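Note: the block below is work.txt and it holds compact mmCIF, C-alpha atoms and all ligand atoms.
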# COMPACT_ATOMS: atom_id res chain seq x y z
CA MET V 153 -22.24 14.33 3.78
CA ARG V 154 -19.89 14.98 0.88
CA SER V 155 -18.58 11.74 -0.57
CA VAL V 156 -16.81 10.43 -3.63
CA VAL V 157 -19.40 8.44 -5.58
CA HIS V 158 -18.55 5.41 -7.70
CA GLU V 159 -21.48 3.87 -9.51
CA ARG V 160 -19.83 1.79 -12.23
CA PHE V 161 -16.52 0.08 -12.81
CA GLY V 162 -14.08 1.72 -15.23
CA VAL V 163 -10.34 2.16 -15.75
CA ASP V 164 -10.31 5.98 -15.99
CA PRO V 165 -10.81 7.69 -12.64
CA GLU V 166 -12.17 10.85 -14.31
CA SER V 167 -15.00 8.79 -15.86
CA VAL V 168 -16.14 6.84 -12.81
CA LEU V 169 -15.34 8.93 -9.72
CA ALA V 170 -17.39 12.03 -8.95
CA THR V 171 -18.30 13.94 -5.81
CA GLY V 172 -21.86 13.91 -4.46
CA GLN V 173 -24.01 13.70 -1.37
CA ARG V 174 -24.54 10.47 0.59
CA ASP V 175 -26.18 9.63 3.91
CA VAL V 176 -23.78 9.42 6.85
CA PRO V 177 -23.25 5.67 7.45
CA VAL V 178 -24.25 4.07 10.76
CA PRO V 179 -21.70 1.90 12.60
CA GLY V 180 -22.82 -1.66 13.31
CA LYS V 181 -21.65 -4.08 15.96
CA GLY V 182 -17.88 -3.87 16.44
CA GLU V 183 -17.66 -0.81 14.20
CA VAL V 184 -16.78 2.84 14.66
CA LEU V 185 -17.89 5.94 12.75
CA VAL V 186 -14.91 8.12 11.85
CA ARG V 187 -15.10 11.77 10.81
CA VAL V 188 -12.48 11.53 8.09
CA ALA V 189 -9.77 14.18 8.02
CA ALA V 190 -7.77 12.58 5.22
CA ALA V 191 -7.71 9.40 3.14
CA SER V 192 -5.02 8.04 0.86
CA VAL V 193 -5.20 6.22 -2.45
CA ASP V 194 -3.09 3.29 -3.62
CA ARG V 195 -3.01 0.67 -6.35
CA GLY V 196 -5.79 -1.19 -4.56
CA THR V 197 -8.00 1.91 -4.93
CA TRP V 198 -7.59 1.63 -8.69
CA HIS V 199 -8.29 -2.13 -8.69
CA VAL V 200 -11.54 -1.65 -6.76
CA MET V 201 -12.47 1.32 -8.97
CA ALA V 202 -11.84 -0.63 -12.17
CA GLY V 203 -13.18 -3.96 -10.88
CA LEU V 204 -9.97 -5.51 -12.27
CA PRO V 205 -8.57 -8.06 -12.29
CA TYR V 206 -11.92 -9.87 -12.11
CA PRO V 207 -11.13 -11.76 -8.87
CA VAL V 208 -11.40 -8.34 -7.15
CA ARG V 209 -15.15 -8.49 -7.86
CA LEU V 210 -15.41 -12.01 -6.43
CA ALA V 211 -13.60 -10.75 -3.32
CA GLY V 212 -16.71 -8.80 -2.37
CA PHE V 213 -16.37 -5.47 -4.18
CA GLY V 214 -19.41 -6.02 -6.41
CA LEU V 215 -19.92 -8.32 -9.39
CA ARG V 216 -21.52 -6.01 -11.99
CA ARG V 217 -21.53 -2.72 -10.09
CA PRO V 218 -19.43 -1.40 -7.23
CA ARG V 219 -20.71 -2.59 -3.87
CA TYR V 220 -19.34 0.36 -1.89
CA ALA V 221 -20.00 4.08 -2.23
CA ASN V 222 -16.36 4.64 -3.19
CA PRO V 223 -13.06 2.72 -3.36
CA GLY V 224 -11.25 4.60 -0.52
CA ARG V 225 -9.79 2.53 2.30
CA SER V 226 -6.86 4.10 4.22
CA LEU V 227 -8.00 6.93 6.50
CA ALA V 228 -7.23 9.12 9.49
CA GLY V 229 -9.75 11.09 11.53
CA THR V 230 -11.74 11.26 14.74
CA VAL V 231 -14.16 8.79 16.29
CA VAL V 232 -17.65 10.33 16.40
CA ALA V 233 -19.82 7.26 17.17
CA VAL V 234 -19.21 3.69 18.28
CA GLY V 235 -21.32 0.61 17.58
CA ALA V 236 -22.29 -2.10 20.06
CA GLY V 237 -19.45 -4.05 21.59
CA VAL V 238 -16.71 -1.49 20.95
CA SER V 239 -14.67 -0.78 24.07
CA ASP V 240 -11.30 0.24 22.63
CA PHE V 241 -12.37 3.64 21.35
CA ARG V 242 -14.25 6.64 22.68
CA LEU V 243 -15.79 9.67 21.05
CA GLY V 244 -13.11 12.16 20.10
CA ASP V 245 -10.26 9.63 19.79
CA PRO V 246 -7.92 10.42 16.89
CA VAL V 247 -7.48 7.21 14.86
CA PHE V 248 -5.95 5.85 11.67
CA GLY V 249 -6.50 2.59 9.84
CA THR V 250 -8.78 1.18 7.16
CA GLY V 251 -12.49 1.64 6.66
CA ALA V 252 -15.14 1.27 3.98
CA SER V 253 -15.66 4.08 1.44
CA ALA V 254 -13.03 6.25 3.11
CA LEU V 255 -13.19 9.00 0.45
CA ALA V 256 -15.98 10.84 2.28
CA GLU V 257 -16.60 13.10 5.24
CA TYR V 258 -17.58 10.10 7.39
CA ALA V 259 -16.69 6.42 7.09
CA VAL V 260 -17.40 3.26 9.07
CA ALA V 261 -14.43 1.15 10.15
CA ARG V 262 -14.12 -2.07 12.10
CA ALA V 263 -12.60 -1.34 15.51
CA GLY V 264 -10.06 -4.13 14.89
CA ARG V 265 -8.71 -2.25 11.88
CA LEU V 266 -7.99 1.03 13.68
CA ALA V 267 -5.33 2.28 16.07
CA ARG V 268 -4.63 5.60 17.80
CA MET V 269 -3.22 8.18 15.43
CA PRO V 270 0.54 8.45 16.04
CA ALA V 271 1.40 11.45 18.22
CA GLY V 272 3.15 14.19 16.30
CA LEU V 273 1.75 13.19 12.91
CA ASP V 274 -0.85 15.26 11.14
CA PRO V 275 -3.85 13.44 9.67
CA VAL V 276 -2.50 13.77 6.12
CA GLN V 277 0.64 11.82 7.06
CA ALA V 278 -1.31 9.34 9.19
CA ALA V 279 -3.76 8.65 6.35
CA ALA V 280 -0.82 7.84 4.08
CA VAL V 281 0.21 4.89 6.21
CA PRO V 282 -2.43 2.15 6.63
CA VAL V 283 -2.61 -0.09 3.54
CA SER V 284 0.90 0.63 2.22
CA GLY V 285 2.61 0.69 5.64
CA LEU V 286 0.95 -2.55 6.76
CA THR V 287 1.97 -4.26 3.53
CA ALA V 288 5.58 -3.10 3.89
CA LEU V 289 5.74 -4.07 7.58
CA GLN V 290 4.40 -7.55 6.97
CA ALA V 291 6.67 -8.05 3.93
CA VAL V 292 9.83 -7.04 5.80
CA ARG V 293 9.09 -8.51 9.24
CA ASP V 294 6.91 -11.57 8.66
CA HIS V 295 7.47 -12.82 5.14
CA ALA V 296 11.06 -11.85 4.27
CA ARG V 297 12.13 -11.88 7.96
CA ILE V 298 14.91 -9.46 7.17
CA GLN V 299 17.86 -9.65 9.56
CA ALA V 300 20.69 -7.24 10.36
CA GLY V 301 23.55 -7.45 7.88
CA GLU V 302 21.52 -8.97 5.06
CA ARG V 303 21.68 -7.69 1.51
CA VAL V 304 18.21 -6.66 0.40
CA LEU V 305 16.88 -5.58 -3.00
CA VAL V 306 13.63 -3.58 -3.06
CA LEU V 307 11.97 -3.28 -6.48
CA GLY V 308 9.41 -0.47 -6.63
CA ALA V 309 11.14 1.51 -3.89
CA SER V 310 9.66 4.93 -4.68
CA GLY V 311 6.01 3.84 -4.58
CA GLY V 312 3.45 3.67 -1.79
CA VAL V 313 4.62 0.36 -0.36
CA GLY V 314 8.26 0.84 -1.36
CA VAL V 315 8.93 4.01 0.63
CA PHE V 316 7.93 2.21 3.82
CA ALA V 317 9.71 -1.04 2.89
CA VAL V 318 13.05 0.72 2.30
CA GLN V 319 12.88 2.41 5.71
CA LEU V 320 11.80 -0.75 7.53
CA ALA V 321 14.52 -2.87 5.91
CA LYS V 322 17.10 -0.25 6.93
CA ALA V 323 15.69 -0.18 10.46
CA ALA V 324 16.15 -3.97 10.59
CA GLY V 325 19.85 -3.41 9.86
CA ALA V 326 19.94 -4.53 6.23
CA THR V 327 21.97 -3.08 3.38
CA VAL V 328 19.36 -1.89 0.91
CA THR V 329 19.59 -1.59 -2.86
CA ALA V 330 16.49 0.16 -4.13
CA VAL V 331 15.09 0.08 -7.67
CA CYS V 332 12.97 2.93 -9.07
CA SER V 333 13.05 5.50 -11.89
CA GLY V 334 16.15 7.68 -12.05
CA ALA V 335 14.18 10.86 -11.34
CA LYS V 336 13.17 9.55 -7.91
CA ALA V 337 16.58 8.19 -6.90
CA GLY V 338 17.38 11.19 -4.68
CA ALA V 339 14.16 10.83 -2.69
CA VAL V 340 14.79 7.11 -2.13
CA LEU V 341 18.39 7.70 -1.03
CA ALA V 342 17.03 10.25 1.44
CA LEU V 343 14.89 7.50 2.96
CA GLY V 344 18.07 5.59 3.79
CA ALA V 345 18.67 3.32 0.78
CA ASP V 346 22.37 2.51 0.42
CA ARG V 347 22.21 2.40 -3.36
CA VAL V 348 19.63 3.11 -6.03
CA LEU V 349 19.30 1.41 -9.41
CA ASP V 350 17.31 2.94 -12.26
CA TYR V 351 15.06 0.24 -13.71
CA ALA V 352 15.32 1.79 -17.19
CA VAL V 353 19.11 1.60 -17.23
CA ASP V 354 20.56 -0.81 -14.67
CA GLU V 355 20.41 -4.59 -14.48
CA ILE V 356 19.74 -6.22 -11.16
CA GLY V 357 22.14 -8.73 -9.64
CA GLU V 358 25.30 -7.37 -11.27
CA ASP V 359 26.81 -6.57 -7.88
CA GLY V 360 26.32 -10.08 -6.44
CA ARG V 361 23.37 -11.95 -5.09
CA TYR V 362 20.84 -10.75 -2.54
CA ASP V 363 19.73 -12.51 0.64
CA VAL V 364 16.27 -11.03 0.19
CA ILE V 365 14.38 -9.58 -2.76
CA LEU V 366 11.15 -7.69 -2.13
CA ASP V 367 9.48 -7.39 -5.51
CA ILE V 368 6.84 -4.72 -5.07
CA ALA V 369 6.62 -3.73 -8.72
CA GLY V 370 8.20 -4.23 -12.10
CA ASN V 371 7.05 -7.70 -13.12
CA ARG V 372 10.50 -9.02 -13.83
CA PRO V 373 10.43 -12.70 -14.81
CA LEU V 374 10.78 -15.12 -11.95
CA ARG V 375 13.94 -16.66 -13.44
CA MET V 376 15.65 -13.24 -13.49
CA LEU V 377 14.75 -12.62 -9.85
CA ARG V 378 15.94 -16.08 -8.86
CA ARG V 379 19.29 -15.52 -10.60
CA ALA V 380 19.82 -12.40 -8.48
CA LEU V 381 18.89 -14.26 -5.27
CA ALA V 382 21.36 -16.19 -3.07
CA PRO V 383 20.96 -20.00 -3.25
CA ASP V 384 19.19 -19.94 0.12
CA GLY V 385 17.71 -16.43 -0.31
CA ARG V 386 14.09 -15.31 0.17
CA LEU V 387 11.96 -13.74 -2.56
CA VAL V 388 8.72 -12.05 -1.51
CA LEU V 389 6.42 -11.06 -4.36
CA VAL V 390 4.32 -8.21 -3.04
CA GLY V 391 2.74 -7.04 -6.29
CA GLY V 392 3.24 -6.01 -9.89
CA GLU V 393 0.81 -4.49 -12.33
CA THR V 394 -0.08 -6.10 -15.66
CA ASP V 395 -3.01 -5.59 -17.99
CA GLY V 396 -4.25 -9.13 -17.36
CA ARG V 397 -7.98 -8.87 -16.64
CA LEU V 398 -8.19 -12.39 -15.34
CA LEU V 399 -5.14 -12.68 -13.12
CA GLY V 400 -3.57 -9.18 -13.20
CA GLY V 401 -0.03 -10.42 -12.64
CA THR V 402 -0.89 -12.99 -10.00
CA ASP V 403 0.12 -15.84 -12.35
CA ARG V 404 3.75 -15.03 -11.46
CA GLN V 405 2.88 -15.40 -7.79
CA LEU V 406 1.26 -18.77 -8.44
CA ARG V 407 4.33 -19.95 -10.36
CA ALA V 408 6.59 -18.80 -7.52
CA GLN V 409 4.63 -20.88 -5.05
CA LEU V 410 5.02 -23.95 -7.27
CA ALA V 411 8.75 -23.36 -7.79
CA ASN V 412 9.11 -22.96 -4.03
CA LEU V 413 8.38 -26.67 -3.65
CA VAL V 414 11.52 -27.68 -5.53
CA THR V 415 14.23 -25.17 -4.55
CA ARG V 416 16.29 -24.15 -1.53
CA GLN V 417 15.34 -20.55 -2.25
CA ARG V 418 12.17 -19.47 -0.43
CA LEU V 419 9.76 -17.99 -2.96
CA GLY V 420 6.50 -16.61 -1.63
CA THR V 421 3.76 -14.09 -1.74
CA PHE V 422 1.09 -12.85 0.66
CA LEU V 423 -2.01 -10.73 1.05
CA ALA V 424 -1.58 -7.96 3.60
CA SER V 425 -3.67 -8.17 6.76
CA GLU V 426 -5.39 -5.03 8.05
CA ASN V 427 -5.10 -5.27 11.82
CA ALA V 428 -4.88 -3.01 14.85
CA ALA V 429 -1.75 -4.59 16.36
CA ASP V 430 0.33 -3.86 13.25
CA LEU V 431 -1.11 -0.35 12.97
CA ALA V 432 -0.03 0.24 16.58
CA GLU V 433 3.44 -1.10 15.71
CA LEU V 434 3.66 1.34 12.80
CA ALA V 435 2.48 4.16 15.07
CA LYS V 436 5.31 3.39 17.49
CA LEU V 437 7.89 3.49 14.71
CA LEU V 438 6.45 6.76 13.39
CA GLU V 439 6.47 8.34 16.84
CA ALA V 440 10.08 7.26 17.39
CA GLY V 441 11.09 8.78 14.05
CA THR V 442 12.29 5.38 12.79
CA LEU V 443 9.69 5.68 10.06
CA THR V 444 8.36 8.66 8.16
CA ALA V 445 5.29 8.86 5.94
CA PRO V 446 6.39 10.40 2.62
CA VAL V 447 3.52 12.24 0.91
CA SER V 448 4.15 13.90 -2.44
CA HIS V 449 0.64 15.08 -3.36
CA VAL V 450 -2.33 16.31 -1.30
CA LEU V 451 -5.60 17.00 -3.12
CA PRO V 452 -9.09 17.97 -1.89
CA LEU V 453 -12.00 15.51 -1.94
CA GLU V 454 -13.43 17.06 -5.11
CA ARG V 455 -10.20 16.09 -6.90
CA ALA V 456 -10.07 12.45 -5.77
CA ALA V 457 -10.10 11.26 -9.39
CA GLU V 458 -6.99 13.34 -10.02
CA ALA V 459 -5.35 11.75 -6.98
CA VAL V 460 -5.77 8.32 -8.58
CA ARG V 461 -4.51 9.74 -11.89
CA VAL V 462 -1.31 11.06 -10.22
CA LEU V 463 -0.67 7.51 -9.03
CA LEU V 464 -1.38 5.92 -12.42
CA ASP V 465 0.91 8.40 -14.18
CA GLY V 466 3.79 7.53 -11.84
CA ARG V 467 4.07 11.14 -10.65
CA ALA V 468 3.97 10.35 -6.93
CA VAL V 469 6.96 9.73 -4.71
CA GLY V 470 5.46 7.74 -1.88
CA LYS V 471 1.84 8.52 -1.15
CA VAL V 472 -1.01 10.56 -2.61
CA VAL V 473 -3.47 11.83 -0.01
CA VAL V 474 -6.96 13.28 -0.29
CA ALA V 475 -7.57 15.93 2.38
CA VAL V 476 -11.24 15.76 3.35
CA ARG V 477 -11.45 18.63 5.84
N1 LIG V 501 0.29 -8.22 -1.47
C1 LIG V 501 -0.48 -7.28 -0.98
O1 LIG V 501 -1.26 -7.48 -0.04
C2 LIG V 501 -0.39 -5.90 -1.56
C3 LIG V 501 -0.76 -4.78 -0.80
C4 LIG V 501 -0.61 -3.50 -1.36
C5 LIG V 501 -0.12 -3.36 -2.66
N2 LIG V 501 0.16 -4.48 -3.39
C6 LIG V 501 0.66 -4.36 -4.77
O2 LIG V 501 1.96 -3.81 -4.74
C7 LIG V 501 2.21 -3.13 -5.96
C8 LIG V 501 2.78 -1.75 -5.68
O3 LIG V 501 1.82 -0.97 -5.00
P1 LIG V 501 2.16 0.54 -4.65
O4 LIG V 501 0.93 1.09 -4.01
O5 LIG V 501 3.46 0.65 -3.95
O6 LIG V 501 2.29 1.14 -6.14
P2 LIG V 501 2.87 2.53 -6.61
O7 LIG V 501 2.78 3.53 -5.52
O8 LIG V 501 2.24 2.83 -7.91
O9 LIG V 501 4.44 2.24 -6.85
C9 LIG V 501 4.91 1.53 -7.95
C10 LIG V 501 6.42 1.50 -7.88
O10 LIG V 501 6.91 0.66 -8.91
C11 LIG V 501 8.03 1.29 -9.52
N3 LIG V 501 8.22 0.71 -10.84
C12 LIG V 501 7.53 0.94 -11.98
N4 LIG V 501 8.07 0.20 -12.98
C13 LIG V 501 9.11 -0.49 -12.43
C14 LIG V 501 10.07 -1.41 -12.95
N5 LIG V 501 10.06 -1.78 -14.23
N6 LIG V 501 10.99 -1.94 -12.09
C15 LIG V 501 11.01 -1.60 -10.79
N7 LIG V 501 10.13 -0.72 -10.25
C16 LIG V 501 9.20 -0.19 -11.06
C17 LIG V 501 7.65 2.74 -9.49
O11 LIG V 501 8.81 3.51 -9.69
P3 LIG V 501 8.75 5.00 -10.33
O12 LIG V 501 7.52 5.67 -9.73
O13 LIG V 501 10.02 5.60 -9.85
O14 LIG V 501 8.60 4.84 -11.81
C18 LIG V 501 7.11 2.83 -8.07
O15 LIG V 501 8.19 2.85 -7.15
C19 LIG V 501 0.87 -3.10 -6.71
O16 LIG V 501 0.87 -4.12 -7.68
C20 LIG V 501 -0.14 -3.41 -5.63
O17 LIG V 501 -1.31 -4.00 -6.14
C21 LIG V 501 0.06 -5.73 -2.86
I need this file expressed as structure tokens, please.
Ligand SMILES: NC(=O)c1ccc[n+]([C@@H]2O[C@H](COP(=O)([O-])OP(=O)(O)OC[C@H]3O[C@@H](n4cnc5c(N)ncnc54)[C@H](OP(=O)(O)O)[C@@H]3O)[C@@H](O)[C@H]2O)c1
Amino acid sequence: MRSVVHERFGVDPESVLATGQRDVPVPGKGEVLVRVAAASVDRGTWHVMAGLPYPVRLAGFGLRRPRYANPGRSLAGTVVAVGAGVSDFRLGDPVFGTGASALAEYAVARAGRLARMPAGLDPVQAAAVPVSGLTALQAVRDHARIQAGERVLVLGASGGVGVFAVQLAKAAGATVTAVCSGAKAGAVLALGADRVLDYAVDEIGEDGRYDVILDIAGNRPLRMLRRALAPDGRLVLVGGETDGRLLGGTDRQLRAQLANLVTRQRLGTFLASENAADLAELAKLLEAGTLTAPVSHVLPLERAAEAVRVLLDGRAVGKVVVAVR
């Protein structure tokens, strides 16, 4: 099969991602083989590609060399084989979710990390959803527990996670102030944000304090975020990119957890869970039209490195998808 191949860690996608031939993988117990129609890339794709920050390697992605054929994860496609013990899926089922080495014609996925592809969505849109949509859903619903009428600030609103988070916070009935670059303000307003701030120009918190802050990107200091948060508000640190090879920005998350012990504000962070129930929940919202999957770039498998580059350069609004067939 055609597959993206990734044989060494490196920060430049053009240097470490190529296209080649690989054997079609065989699904094991509890796994499914998916013929991939499309796969999307996200910040996690870059982390696994670069092997940075170093804890990524300890998390099972290879210590000195990449463990997997390629760093793809979010996918949409069709079930073409099932392993022992899989009863939820049959051959021919259209599915979306997360699998190993998804940037290829075929990929193996655990059955518990797949759900039926939402009706009415094409595979490019469905492939855009898994990692970013799950992260946004869990941030809004489980960690921030956003309620109707609350004032919510979303930092990083135009990115992969942000475009879903803005829509989900609006669907929960919140008033949403979104932060992104000025050039993408129109696209974020179109997703339902009530107001958009340009991170290069505007300060946060000048219009009063927020009940909830979802910090998806930007790396603002904790004290600045806490000043913009109501005395009993909730801050959820989803991510934030730094050059730190050792911690890659997670030191701020550790400090938030410590500060959480001594303040009325709730300061937390989380690691998204890839699970079928939440994928099914997202599918329902997509089918109802409550949620859309914004995709700004679609590239063929041979240009997967460019797909990661689009993301790194900040050219995407929402998701970048690799169309496999
Ligand atoms: N906790 C978890 O389990 C989990 C899961 C998934 C992702 N993450 C993390 O979440 C972060 C975002 O991921 P993503 O895929 O959404 O990334 P992305 O698609 O690259 O989006 C980044 C966003 O950050 C915005 N941004 C850049 N500089 C900013 C600033 N100074 N202030 C406010 N916003 C700024 C960008 O705006 P413009 O494009 O308009 O410049 C864009 O909206 C990453 O650090 C990722 O590792 C965590």
Could you list, as a count of residues only, all protein and nucleic acid residues with an atom at most 6 Å from ligand LIG 501 (chain V), counting all atoms listed in the file?
30
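Atom CA of Ala291 of chain V is found 27.9 Å from atom CA of Gly182 of chain V.
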Give the answer as one residue: which of V:Ala254, V:Met376, V:Leu443, V:Leu381 has the shortest atom-to-atom distance to Val318 of chain V, using only C-alpha atoms?
V:Leu443
Grab the atom CA of Met201 of chain V to atom CA of Met269 of chain V distance for me, in Å with one decimal place.
27.0 Å
Nearest residue to Phe316 of chain V out of V:Ser167, V:Thr444, V:Gln277, V:Thr250, using only C-alpha atoms?
V:Thr444
List the spatial neighbours of Pro165 of chain V as a list in words - criterion: any atom at most 7 Å away, all atoms listed in the file, same-chain residues fewer than 3 positions off excluded.
Val168, Leu169, Ala457, Val460 and Arg461 of chain V
Excluding same-chain residues fewer than 4 positions from Gln405 of chain V, what lies within 7 Å of it counting only C-alpha atoms, as a list in words?
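Contacts, in chain order: Leu389, Gln409 and Thr421 of chain V.
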Atom CA of Asn412 of chain V to atom CA of Ile298 of chain V, straight-line distance in Å:
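Answer for the atom CA of Ile298 of chain V to atom CA of Asn412 of chain V separation: 18.5 Å.
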Extract, using only C-alpha atoms, all DNA, RNA and protein residues at most 12 Å from Arg217 of chain V, discarding same-chain residues fewer than 5 positions from it, and format them as a VMD selection string.
chain V and resid 158 to 162 168 200 to 203 208 to 210 212 222
